[in-house]
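This is coords-v8.pdb (PDB, C-alpha atoms and all ligand atoms).
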```pdb
ATOM      1  CA  MET A 122     120.600 151.810 240.212
ATOM      2  CA  ASP A 123     117.545 153.948 240.905
ATOM      3  CA  PHE A 124     116.555 156.787 238.585
ATOM      4  CA  SER A 125     114.033 159.520 239.347
ATOM      5  CA  ILE A 126     113.004 161.909 236.583
ATOM      6  CA  LEU A 127     111.363 165.249 237.332
ATOM      7  CA  THR A 128     109.328 166.354 234.320
ATOM      8  CA  ILE A 129     106.072 168.048 233.345
ATOM      9  CA  PHE A 130     105.549 165.244 230.757
ATOM     10  CA  PRO A 131     106.026 161.925 232.619
ATOM     11  CA  GLU A 132     104.102 160.005 229.908
ATOM     12  CA  ILE A 133     106.937 160.660 227.426
ATOM     13  CA  PHE A 134     108.845 157.855 229.197
ATOM     14  CA  ASP A 135     106.157 155.123 228.905
ATOM     15  CA  SER A 136     107.335 153.654 225.601
ATOM     16  CA  PHE A 137     111.030 154.020 226.446
ATOM     17  CA  LEU A 138     110.562 152.006 229.650
ATOM     18  CA  SER A 139     108.469 149.286 227.944
ATOM     19  CA  HIS A 140     110.945 147.971 225.384
ATOM     20  CA  GLY A 141     114.161 146.039 224.974
ATOM     21  CA  ILE A 142     117.105 146.123 227.319
ATOM     22  CA  ILE A 143     115.648 148.909 229.495
ATOM     23  CA  ARG A 144     112.462 146.926 230.052
ATOM     24  CA  ARG A 145     114.444 143.792 230.915
ATOM     25  CA  ALA A 146     116.721 145.708 233.297
ATOM     26  CA  ILE A 147     113.635 146.974 235.150
ATOM     27  CA  GLU A 148     112.106 143.477 235.280
ATOM     28  CA  ALA A 149     115.432 142.072 236.570
ATOM     29  CA  LYS A 150     115.540 144.863 239.197
ATOM     30  CA  ILE A 151     118.911 146.051 237.890
ATOM     31  CA  ILE A 152     117.342 149.512 237.625
ATOM     32  CA  SER A 153     114.182 151.288 238.743
ATOM     33  CA  VAL A 154     112.863 154.342 236.914
ATOM     34  CA  ASN A 155     110.419 156.749 238.531
ATOM     35  CA  PRO A 156     109.125 159.620 236.365
ATOM     36  CA  MET A 157     107.661 162.265 238.729
ATOM     37  CA  ASP A 158     105.242 164.975 237.544
ATOM     38  CA  ILE A 159     106.509 168.403 238.631
ATOM     39  CA  ARG A 160     102.933 169.648 238.304
ATOM     40  CA  ASN A 161     102.005 167.549 241.366
ATOM     41  CA  PHE A 162     104.143 169.949 243.411
ATOM     42  CA  ALA A 163     102.534 173.108 242.001
ATOM     43  CA  GLU A 164      99.967 175.054 244.022
ATOM     44  CA  GLY A 165      96.761 176.748 242.942
ATOM     45  CA  LYS A 166      93.829 175.847 240.753
ATOM     46  CA  HIS A 167      95.862 175.685 237.544
ATOM     47  CA  ARG A 168      99.018 174.143 239.046
ATOM     48  CA  ILE A 169     101.174 176.424 236.955
ATOM     49  CA  THR A 170     104.858 175.439 236.639
ATOM     50  CA  ASP A 171     106.122 178.366 234.532
ATOM     51  CA  ASP A 172     106.004 182.157 234.620
ATOM     52  CA  ARG A 173     107.254 185.239 232.758
ATOM     53  CA  PRO A 174     110.887 186.264 233.226
ATOM     54  CA  TYR A 175     111.676 189.210 235.503
ATOM     55  CA  GLY A 176     113.238 191.893 233.327
ATOM     56  CA  GLY A 177     111.076 190.918 230.376
ATOM     57  CA  GLY A 178     111.890 189.130 227.175
ATOM     58  CA  ALA A 179     110.597 186.197 225.180
ATOM     59  CA  GLY A 180     109.728 182.789 226.602
ATOM     60  CA  MET A 181     108.890 181.452 230.029
ATOM     61  CA  VAL A 182     110.894 180.333 233.066
ATOM     62  CA  MET A 183     110.200 177.320 235.294
ATOM     63  CA  LYS A 184     108.932 178.564 238.664
ATOM     64  CA  PRO A 185     111.164 177.661 241.625
ATOM     65  CA  GLU A 186     108.541 176.415 244.149
ATOM     66  CA  PRO A 187     107.182 173.359 242.259
ATOM     67  CA  LEU A 188     110.709 172.364 241.203
ATOM     68  CA  ALA A 189     112.070 172.749 244.745
ATOM     69  CA  GLY A 190     109.182 170.644 246.080
ATOM     70  CA  ALA A 191     109.741 167.916 243.500
ATOM     71  CA  ILE A 192     113.513 167.904 244.073
ATOM     72  CA  ALA A 193     113.058 167.635 247.875
ATOM     73  CA  GLU A 194     110.670 164.694 247.422
ATOM     74  CA  ALA A 195     112.999 162.920 244.973
ATOM     75  CA  GLN A 196     115.978 163.429 247.284
ATOM     76  CA  LYS A 197     113.929 161.954 250.151
ATOM     77  CA  ILE A 198     113.124 158.873 248.027
ATOM     78  CA  LEU A 199     116.749 158.524 246.844
ATOM     79  CA  PRO A 200     118.955 159.735 249.720
ATOM     80  CA  GLY A 201     122.490 160.124 248.452
ATOM     81  CA  GLY A 202     121.343 160.198 244.839
ATOM     82  CA  ARG A 203     123.116 162.670 242.567
ATOM     83  CA  THR A 204     120.811 165.488 241.420
ATOM     84  CA  ILE A 205     121.471 166.420 237.796
ATOM     85  CA  LEU A 206     119.952 169.352 235.932
ATOM     86  CA  LEU A 207     119.724 168.618 232.203
ATOM     87  CA  SER A 208     120.460 171.808 230.317
ATOM     88  CA  PRO A 209     122.331 173.117 227.266
ATOM     89  CA  GLN A 210     124.859 174.721 229.644
ATOM     90  CA  GLY A 211     125.918 171.461 231.285
ATOM     91  CA  ARG A 212     129.043 169.340 231.176
ATOM     92  CA  PRO A 213     129.098 167.512 227.803
ATOM     93  CA  PHE A 214     127.821 163.928 228.110
ATOM     94  CA  LYS A 215     130.335 161.319 226.894
ATOM     95  CA  GLN A 216     130.907 157.590 227.355
ATOM     96  CA  SER A 217     133.329 158.480 230.164
ATOM     97  CA  VAL A 218     130.512 160.368 231.955
ATOM     98  CA  ALA A 219     128.168 157.381 231.484
ATOM     99  CA  SER A 220     130.847 155.200 233.046
ATOM    100  CA  GLU A 221     131.270 157.576 236.008
ATOM    101  CA  LEU A 222     127.487 157.778 236.612
ATOM    102  CA  SER A 223     127.155 153.977 236.400
ATOM    103  CA  MET A 224     129.135 153.716 239.679
ATOM    104  CA  LEU A 225     126.435 155.596 241.631
ATOM    105  CA  ASP A 226     123.358 154.157 243.384
ATOM    106  CA  GLY A 227     120.844 156.839 242.493
ATOM    107  CA  LEU A 228     120.376 159.610 239.912
ATOM    108  CA  ILE A 229     117.744 162.357 239.941
ATOM    109  CA  PHE A 230     117.236 164.081 236.588
ATOM    110  CA  ILE A 231     115.549 167.466 236.320
ATOM    111  CA  CYS A 232     114.137 168.006 232.842
ATOM    112  CA  GLY A 233     113.916 171.689 232.047
ATOM    113  CA  ARG A 234     111.363 173.121 229.660
ATOM    114  CA  TYR A 235     110.815 176.646 228.325
ATOM    115  CA  GLU A 236     113.838 178.961 228.397
ATOM    116  CA  GLY A 237     115.248 177.529 231.618
ATOM    117  CA  VAL A 238     114.792 177.195 235.360
ATOM    118  CA  ASP A 239     114.800 179.921 238.023
ATOM    119  CA  GLU A 240     118.431 180.508 239.039
ATOM    120  CA  ARG A 241     117.639 179.904 242.735
ATOM    121  CA  ILE A 242     117.180 176.140 242.309
ATOM    122  CA  TYR A 243     120.900 175.693 241.512
ATOM    123  CA  LYS A 244     121.752 175.329 245.224
ATOM    124  CA  THR A 245     119.721 172.092 245.295
ATOM    125  CA  ILE A 246     121.455 170.417 242.346
ATOM    126  CA  ASP A 247     124.835 168.631 242.220
ATOM    127  CA  GLU A 248     125.667 169.135 238.573
ATOM    128  CA  GLU A 249     124.425 170.156 235.146
ATOM    129  CA  ILE A 250     124.772 167.916 232.055
ATOM    130  CA  SER A 251     124.210 168.612 228.333
ATOM    131  CA  ILE A 252     123.976 165.824 225.732
ATOM    132  CA  GLY A 253     125.535 167.899 222.944
ATOM    133  CA  ASP A 254     125.632 171.176 221.079
ATOM    134  CA  TYR A 255     122.171 171.358 219.552
ATOM    135  CA  VAL A 256     118.891 172.785 220.841
ATOM    136  CA  LEU A 257     116.154 170.512 222.222
ATOM    137  CA  THR A 258     112.665 171.526 223.393
ATOM    138  CA  GLY A 259     113.278 170.036 226.831
ATOM    139  CA  GLY A 260     115.457 167.739 228.915
ATOM    140  CA  GLU A 261     113.346 164.581 228.517
ATOM    141  CA  PRO A 262     115.235 163.113 225.524
ATOM    142  CA  ALA A 263     118.484 163.826 227.397
ATOM    143  CA  ALA A 264     117.230 161.868 230.446
ATOM    144  CA  MET A 265     116.409 158.900 228.201
ATOM    145  CA  ILE A 266     119.810 159.020 226.519
ATOM    146  CA  ILE A 267     121.697 159.095 229.821
ATOM    147  CA  ILE A 268     119.556 156.346 231.397
ATOM    148  CA  ASP A 269     120.064 154.235 228.266
ATOM    149  CA  ALA A 270     123.851 154.686 228.158
ATOM    150  CA  VAL A 271     124.256 154.119 231.916
ATOM    151  CA  THR A 272     121.953 151.091 232.145
ATOM    152  CA  ARG A 273     123.798 149.060 229.516
ATOM    153  CA  LEU A 274     126.984 149.439 231.597
ATOM    154  CA  LEU A 275     125.411 147.840 234.690
ATOM    155  CA  PRO A 276     126.323 144.214 235.474
ATOM    156  CA  GLY A 277     123.763 141.825 233.958
ATOM    157  CA  ALA A 278     121.946 144.434 231.847
ATOM    158  CA  LEU A 279     123.170 143.211 228.457
ATOM    159  CA  GLY A 280     123.356 139.535 229.347
ATOM    160  CA  GLY A 281     125.604 136.955 227.758
ATOM    161  CA  GLU A 282     128.942 137.637 226.173
ATOM    162  CA  ASP A 283     127.902 141.011 224.725
ATOM    163  CA  SER A 284     129.708 142.755 227.545
ATOM    164  CA  ALA A 285     129.971 146.522 227.618
ATOM    165  CA  GLU A 286     133.652 146.158 228.446
ATOM    166  CA  LYS A 287     134.761 145.348 224.933
ATOM    167  CA  ASP A 288     132.883 148.352 223.525
ATOM    168  CA  SER A 289     135.157 149.896 220.962
ATOM    169  CA  PHE A 290     133.924 153.418 221.749
ATOM    170  CA  THR A 291     135.539 153.453 225.205
ATOM    171  CA  ASP A 292     138.670 152.614 223.238
ATOM    172  CA  HIS A 293     138.300 155.598 220.826
ATOM    173  CA  LEU A 294     137.531 153.268 217.907
ATOM    174  CA  LEU A 295     134.374 152.725 215.861
ATOM    175  CA  GLU A 296     132.966 149.219 215.492
ATOM    176  CA  HIS A 297     134.206 146.995 212.678
ATOM    177  CA  ALA A 298     131.883 146.115 209.760
ATOM    178  CA  HIS A 299     129.254 143.425 210.453
ATOM    179  CA  PHE A 300     127.756 140.752 208.194
ATOM    180  CA  THR A 301     125.088 138.096 208.696
ATOM    181  CA  ARG A 302     123.291 135.667 206.378
ATOM    182  CA  PRO A 303     122.808 135.409 203.441
ATOM    183  CA  SER A 304     126.462 134.982 202.394
ATOM    184  CA  VAL A 305     125.674 136.770 199.104
ATOM    185  CA  PHE A 306     123.231 139.723 199.104
ATOM    186  CA  GLU A 307     122.396 141.586 195.893
ATOM    187  CA  GLY A 308     125.545 140.160 194.320
ATOM    188  CA  GLU A 309     127.796 141.243 197.194
ATOM    189  CA  ALA A 310     129.642 138.480 199.089
ATOM    190  CA  VAL A 311     130.729 138.451 202.727
ATOM    191  CA  PRO A 312     134.565 138.731 203.055
ATOM    192  CA  ASP A 313     136.070 135.206 202.862
ATOM    193  CA  ILE A 314     138.049 135.614 206.102
ATOM    194  CA  LEU A 315     134.827 135.869 208.144
ATOM    195  CA  LEU A 316     133.770 132.425 206.807
ATOM    196  CA  SER A 317     137.233 130.869 207.318
ATOM    197  CA  GLY A 318     136.901 129.932 210.976
ATOM    198  CA  ASN A 319     140.433 131.314 211.522
ATOM    199  CA  HIS A 320     139.857 133.348 214.676
ATOM    200  CA  GLY A 321     143.246 135.051 214.610
ATOM    201  CA  ALA A 322     142.726 136.201 211.018
ATOM    202  CA  ILE A 323     139.167 137.315 211.875
ATOM    203  CA  ALA A 324     140.419 139.386 214.836
ATOM    204  CA  ASP A 325     143.037 141.025 212.568
ATOM    205  CA  TRP A 326     140.427 141.759 209.887
ATOM    206  CA  ARG A 327     138.111 143.326 212.485
ATOM    207  CA  LEU A 328     140.876 145.514 213.910
ATOM    208  CA  GLU A 329     141.717 146.685 210.389
ATOM    209  CA  SER A 330     138.037 147.379 209.696
ATOM    210  CA  SER A 331     137.739 149.383 212.945
ATOM    211  CA  LEU A 332     140.865 151.420 212.292
ATOM    212  CA  ILE A 333     140.077 152.274 208.662
ATOM    213  CA  ARG A 334     136.456 153.162 209.430
ATOM    214  CA  THR A 335     137.566 155.402 212.278
ATOM    215  CA  LEU A 336     140.203 157.038 210.083
ATOM    216  CA  LEU A 337     137.615 157.772 207.366
ATOM    217  CA  LYS A 338     134.546 158.631 209.473
ATOM    218  CA  ARG A 339     135.921 159.996 212.770
ATOM    219  CA  PRO A 340     139.581 161.000 212.491
ATOM    220  CA  ASP A 341     139.082 163.083 215.674
ATOM    221  CA  LEU A 342     138.663 159.826 217.628
ATOM    222  CA  LEU A 343     141.812 158.293 216.189
ATOM    223  CA  GLU A 344     143.832 161.342 217.202
ATOM    224  CA  LYS A 345     142.886 160.661 220.842
ATOM    225  CA  LYS A 346     143.796 156.988 220.699
ATOM    226  CA  MET A 347     147.029 155.505 222.013
ATOM    227  CA  LEU A 348     148.058 153.168 219.195
ATOM    228  CA  GLY A 349     149.433 149.777 220.162
ATOM    229  CA  SER A 350     151.861 147.745 218.049
ATOM    230  CA  ARG A 351     149.059 145.751 216.372
ATOM    231  CA  GLU A 352     147.263 148.966 215.374
ATOM    232  CA  LYS A 353     150.468 150.573 214.119
ATOM    233  CA  LYS A 354     151.201 147.499 212.000
ATOM    234  CA  VAL A 355     147.754 147.644 210.346
ATOM    235  CA  LEU A 356     148.028 151.376 209.599
ATOM    236  CA  LYS A 357     151.599 150.981 208.246
ATOM    237  CA  ARG A 358     150.371 148.312 205.805
ATOM    238  CA  TRP A 359     147.789 150.818 204.514
ATOM    239  CA  CYS A 360     150.480 153.500 204.217
ATOM    240  CA  GLU A 361     152.660 151.145 202.184
ATOM    241  CA  TYR A 362     149.708 150.242 199.966
ATOM    242  CA  ILE A 363     148.925 153.923 199.333
ATOM    243  CA  GLU A 364     152.602 154.682 198.590
ATOM    244  CA  GLN A 365     152.597 151.881 196.023
ATOM    245  CA  LEU A 366     149.503 153.410 194.389
ATOM    246  CA  ILE A 367     151.218 156.809 194.224
ATOM    247  CA  SER A 368     154.497 155.552 192.786
ATOM    248  CA  ALA A 369     152.887 153.284 190.195
TER     249      ALA A 369
HETATM  250  C1  LIG B   1     117.408 180.866 223.569
HETATM  251  C2  LIG B   1     118.486 180.189 224.316
HETATM  252  N1  LIG B   1     118.295 178.742 224.423
HETATM  253  C3  LIG B   1     119.612 178.122 224.783
HETATM  254  C4  LIG B   1     120.284 177.539 223.597
HETATM  255  C5  LIG B   1     117.334 178.463 225.476
HETATM  256  C6  LIG B   1     116.993 177.046 225.652
HETATM  257  C7  LIG B   1     116.781 176.209 224.585
HETATM  258  C8  LIG B   1     116.399 174.884 224.777
HETATM  259  C9  LIG B   1     116.874 176.524 226.936
HETATM  260  C10 LIG B   1     116.491 175.218 227.121
HETATM  261  C11 LIG B   1     116.258 174.397 226.043
HETATM  262  C12 LIG B   1     115.835 173.002 226.257
HETATM  263  N2  LIG B   1     116.968 172.092 226.258
HETATM  264  C13 LIG B   1     117.202 171.256 227.261
HETATM  265  O1  LIG B   1     116.451 171.233 228.204
HETATM  266  C14 LIG B   1     118.365 170.398 227.217
HETATM  267  C15 LIG B   1     119.380 170.235 226.228
HETATM  268  C16 LIG B   1     119.587 170.834 224.943
HETATM  269  O2  LIG B   1     118.813 171.662 224.442
HETATM  270  N3  LIG B   1     120.686 170.458 224.237
HETATM  271  C17 LIG B   1     121.577 169.535 224.698
HETATM  272  N4  LIG B   1     121.444 168.957 225.880
HETATM  273  C18 LIG B   1     120.342 169.306 226.627
HETATM  274  S1  LIG B   1     119.997 168.692 228.128
HETATM  275  C19 LIG B   1     118.622 169.585 228.303
END
```
Take the structure from the file and write it as structure tokens.
Ligand code: 9D3
Amino acid sequence: MDFSILTIFPEIFDSFLSHGIIRRAIEAKIISVNPMDIRNFAEGKHRITDDRPYGGGAGMVMKPEPLAGAIAEAQKILPGGRTILLSPQGRPFKQSVASELSMLDGLIFICGRYEGVDERIYKTIDEEISIGDYVLTGGEPAAMIIIDAVTRLLPGALGGEDSAEKDSFTDHLLEHAHFTRPSVFEGEAVPDILLSGNHGAIADWRLESSLIRTLLKRPDLLEKKMLGSREKKVLKRWCEYIEQLISA
């Protein structure tokens, strides 16, 4: 998958691209990431990329000409790539959107700054995505988040058995609790089952851990989930336990 990022701050991406799974995915040629400086497409001595809004008011607007030039260049480099404007008004980014984008060959991200972009660039974009209901200073963190979430879904990016397929989030469940050595830390022991070697019992314990954590921390996720018979059995046992507590 090839990513192009249109930004006035291309250096923001240096550290992101130099570490961990993203770095390895680039080295393995699973992805390429090309931050492009919108300023390189701006004319005049000062290469200005923003201007005051017609009609007045606070803040600045991204000028259309440099953006249009940068978008045209990116679309030439990635023909058939999907052009995505990152903005607070976009479609909410979710794991399902990451999964959809991971099927494509190329993505072009436009990182807005200031109050927004000139309305006339909308005809050159395919869609608009937001990463959530909070206010950022620009689209750059959103580009990193989407590239990160999409890359780990690509074949070979995670390596080994840690496949993205068994991610509990796609399944509307939070991850179960995790433990590693030492077996006792500050007086607190690891649950015996995890040391038992009984893989069936361990799988049951992990499902229970996932379900109860989700119930306590993100009940909204559990409401979306289709419960199977194993899940129902675990939750019923908790119901019975709570009923016992009440009637005692
Ligand atoms: C004063 C009105 N503001 C809208 C809430 C204007 C405004 C604020 C911040 C316009 C752009 C921005 C910069 N944000 C992004 O570029 C952005 C963003 C975000 O702020 N939240 C969630 N997702 C995204 S994706 C890009």
(message) When you look at segment 211-226 of chain A with a cut-off of 6 Å (counting all atoms listed in the file), what residues show up, excluding the ones that are within fewer than 6 positions of it in the same chain? I need them as a list of chain:residue names.
(response)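 Skipping anything fewer than 6 positions along the chain leaves A:Met122, A:Glu249, A:Ile250, A:Ser251, A:Ile252, A:Val271.
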Could you give me the centre and size, in Å to one decimal, of an axis-aligned box around all listed atoms of ligand LIG 1 (chain B) with 8 Å added on every side, as JSON?
```
{"center_x": 118.7, "center_y": 174.8, "center_z": 225.9, "size_x": 21.7, "size_y": 28.2, "size_z": 20.7}
```
(message) Here is a test: counting all atoms listed in the file, which residue of A:Arg234, A:Arg160, A:His297, A:Arg358 is nearest to ligand LIG 1 (chain B)?
(response) A:Arg234
(request) Just say which residues the PyMOL selection byres (((not hetatm)) within 8 of (chain B and resi 1)) picks in this file, as a VMD selection string. (result) chain A and resid 206 to 211 232 to 237 250 to 264
(message) Would you compute the distance between atom CA of Val182 of chain A and atom CA of Val238 of chain A? Give it in Å to one decimal.
(response)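 Atom CA of Val238 of chain A lies 5.5 Å from atom CA of Val182 of chain A.
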(request) Calculate how many Å separate atom CA of Lys184 of chain A from atom CA of Phe137 of chain A, rounding to one decimal. (result)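 One can read the atom CA of Lys184 of chain A to atom CA of Phe137 of chain A distance as 27.5 Å.
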(message) Calculated over all atoms listed in the file, which of the candidates A:Thr291, A:Ser330, A:Thr204, A:Thr301 has the smallest distance to Leu316 of chain A?
(response)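 Looking only at the distances to Leu316 of chain A, the closest residue turns out to be A:Thr301.
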(request) Tell me which protein, DNA and RNA residues are within 12 Å of Glu240 of chain A, counting only C-alpha atoms, leaving out same-chain ones fewer than 4 positions away, and put them as a ChimeraX atom specification. (result) /A:174-175,182-186,188-189,206,236,244-246
Those same residues, written as a PDB file, keeping the file's coordinate frame with C-alpha atoms?
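Dumped everything to part.pdb:
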```pdb
ATOM      1  CA  PRO A 174     110.887 186.264 233.226  1.00  0.00           C
ATOM      2  CA  TYR A 175     111.676 189.210 235.503  1.00  0.00           C
ATOM      3  CA  VAL A 182     110.894 180.333 233.066  1.00  0.00           C
ATOM      4  CA  MET A 183     110.200 177.320 235.294  1.00  0.00           C
ATOM      5  CA  LYS A 184     108.932 178.564 238.664  1.00  0.00           C
ATOM      6  CA  PRO A 185     111.164 177.661 241.625  1.00  0.00           C
ATOM      7  CA  GLU A 186     108.541 176.415 244.149  1.00  0.00           C
ATOM      8  CA  LEU A 188     110.709 172.364 241.203  1.00  0.00           C
ATOM      9  CA  ALA A 189     112.070 172.749 244.745  1.00  0.00           C
ATOM     10  CA  LEU A 206     119.952 169.352 235.932  1.00  0.00           C
ATOM     11  CA  GLU A 236     113.838 178.961 228.397  1.00  0.00           C
ATOM     12  CA  LYS A 244     121.752 175.329 245.224  1.00  0.00           C
ATOM     13  CA  THR A 245     119.721 172.092 245.295  1.00  0.00           C
ATOM     14  CA  ILE A 246     121.455 170.417 242.346  1.00  0.00           C
TER      15      ILE A 246
END
```
(request) Output the residue selection produced by the PyMOL selection byres (((chain A and resi 338-345) around 10) and not hetatm) on the file above, formatted as a list in words. (result) Phe290, Asp292, His293, Leu294, Leu295, Leu332, Ile333, Arg334, Thr335, Leu336, Leu337, Lys346, Met347 and Leu348 of chain A
(message) I'd like to know which of A:Ile129, A:Ile266, A:Ala149, A:Leu138 is closest to Gly280 of chain A, using all atoms listed in the file.
(response) A:Ala149
Generate a file for segment 193-206 of chain A, containing N, CA, C and O atoms, as a PDB file, in the first residue's frame.
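Dumped everything to out17.pdb:
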```pdb
ATOM      1  N   ALA A 193      -2.970  17.276  -7.342  1.00  0.00           N
ATOM      2  CA  ALA A 193      -2.769  16.802  -8.723  1.00  0.00           C
ATOM      3  C   ALA A 193      -1.485  15.988  -8.830  1.00  0.00           C
ATOM      4  O   ALA A 193      -1.464  14.913  -9.453  1.00  0.00           O
ATOM      5  N   GLU A 194      -0.423  16.476  -8.184  1.00  0.00           N
ATOM      6  CA  GLU A 194       0.867  15.764  -8.207  1.00  0.00           C
ATOM      7  C   GLU A 194       0.747  14.404  -7.498  1.00  0.00           C
ATOM      8  O   GLU A 194       1.203  13.376  -8.021  1.00  0.00           O
ATOM      9  N   ALA A 195       0.114  14.393  -6.346  1.00  0.00           N
ATOM     10  CA  ALA A 195      -0.045  13.140  -5.588  1.00  0.00           C
ATOM     11  C   ALA A 195      -0.887  12.137  -6.379  1.00  0.00           C
ATOM     12  O   ALA A 195      -0.585  10.939  -6.395  1.00  0.00           O
ATOM     13  N   GLN A 196      -1.916  12.627  -7.037  1.00  0.00           N
ATOM     14  CA  GLN A 196      -2.788  11.729  -7.814  1.00  0.00           C
ATOM     15  C   GLN A 196      -2.056  11.207  -9.056  1.00  0.00           C
ATOM     16  O   GLN A 196      -2.366  10.117  -9.545  1.00  0.00           O
ATOM     17  N   LYS A 197      -1.082  11.971  -9.546  1.00  0.00           N
ATOM     18  CA  LYS A 197      -0.266  11.497 -10.675  1.00  0.00           C
ATOM     19  C   LYS A 197       0.675  10.378 -10.202  1.00  0.00           C
ATOM     20  O   LYS A 197       0.872   9.368 -10.897  1.00  0.00           O
ATOM     21  N   ILE A 198       1.226  10.557  -8.988  1.00  0.00           N
ATOM     22  CA  ILE A 198       2.146   9.552  -8.426  1.00  0.00           C
ATOM     23  C   ILE A 198       1.387   8.276  -8.048  1.00  0.00           C
ATOM     24  O   ILE A 198       1.900   7.166  -8.211  1.00  0.00           O
ATOM     25  N   LEU A 199       0.171   8.437  -7.521  1.00  0.00           N
ATOM     26  CA  LEU A 199      -0.641   7.287  -7.098  1.00  0.00           C
ATOM     27  C   LEU A 199      -1.950   7.252  -7.893  1.00  0.00           C
ATOM     28  O   LEU A 199      -3.011   7.554  -7.344  1.00  0.00           O
ATOM     29  N   PRO A 200      -1.907   6.878  -9.166  1.00  0.00           N
ATOM     30  CA  PRO A 200      -3.147   6.855  -9.951  1.00  0.00           C
ATOM     31  C   PRO A 200      -4.094   5.812  -9.351  1.00  0.00           C
ATOM     32  O   PRO A 200      -3.662   4.716  -9.009  1.00  0.00           O
ATOM     33  N   GLY A 201      -5.340   6.184  -9.204  1.00  0.00           N
ATOM     34  CA  GLY A 201      -6.277   5.253  -8.579  1.00  0.00           C
ATOM     35  C   GLY A 201      -6.235   5.253  -7.070  1.00  0.00           C
ATOM     36  O   GLY A 201      -6.964   4.498  -6.433  1.00  0.00           O
ATOM     37  N   GLY A 202      -5.373   6.070  -6.479  1.00  0.00           N
ATOM     38  CA  GLY A 202      -5.373   6.188  -5.017  1.00  0.00           C
ATOM     39  C   GLY A 202      -6.609   6.929  -4.556  1.00  0.00           C
ATOM     40  O   GLY A 202      -7.158   7.739  -5.297  1.00  0.00           O
ATOM     41  N   ARG A 203      -7.075   6.629  -3.321  1.00  0.00           N
ATOM     42  CA  ARG A 203      -8.233   7.358  -2.812  1.00  0.00           C
ATOM     43  C   ARG A 203      -7.744   8.615  -2.100  1.00  0.00           C
ATOM     44  O   ARG A 203      -6.850   8.550  -1.267  1.00  0.00           O
ATOM     45  N   THR A 204      -8.336   9.766  -2.465  1.00  0.00           N
ATOM     46  CA  THR A 204      -7.933  11.050  -1.893  1.00  0.00           C
ATOM     47  C   THR A 204      -8.846  11.397  -0.722  1.00  0.00           C
ATOM     48  O   THR A 204     -10.057  11.525  -0.883  1.00  0.00           O
ATOM     49  N   ILE A 205      -8.235  11.501   0.466  1.00  0.00           N
ATOM     50  CA  ILE A 205      -9.002  11.668   1.700  1.00  0.00           C
ATOM     51  C   ILE A 205      -8.629  12.977   2.381  1.00  0.00           C
ATOM     52  O   ILE A 205      -7.465  13.195   2.723  1.00  0.00           O
ATOM     53  N   LEU A 206      -9.620  13.830   2.571  1.00  0.00           N
ATOM     54  CA  LEU A 206      -9.412  15.054   3.357  1.00  0.00           C
ATOM     55  C   LEU A 206      -9.649  14.734   4.825  1.00  0.00           C
ATOM     56  O   LEU A 206     -10.700  14.190   5.195  1.00  0.00           O
TER      57      LEU A 206
END
```
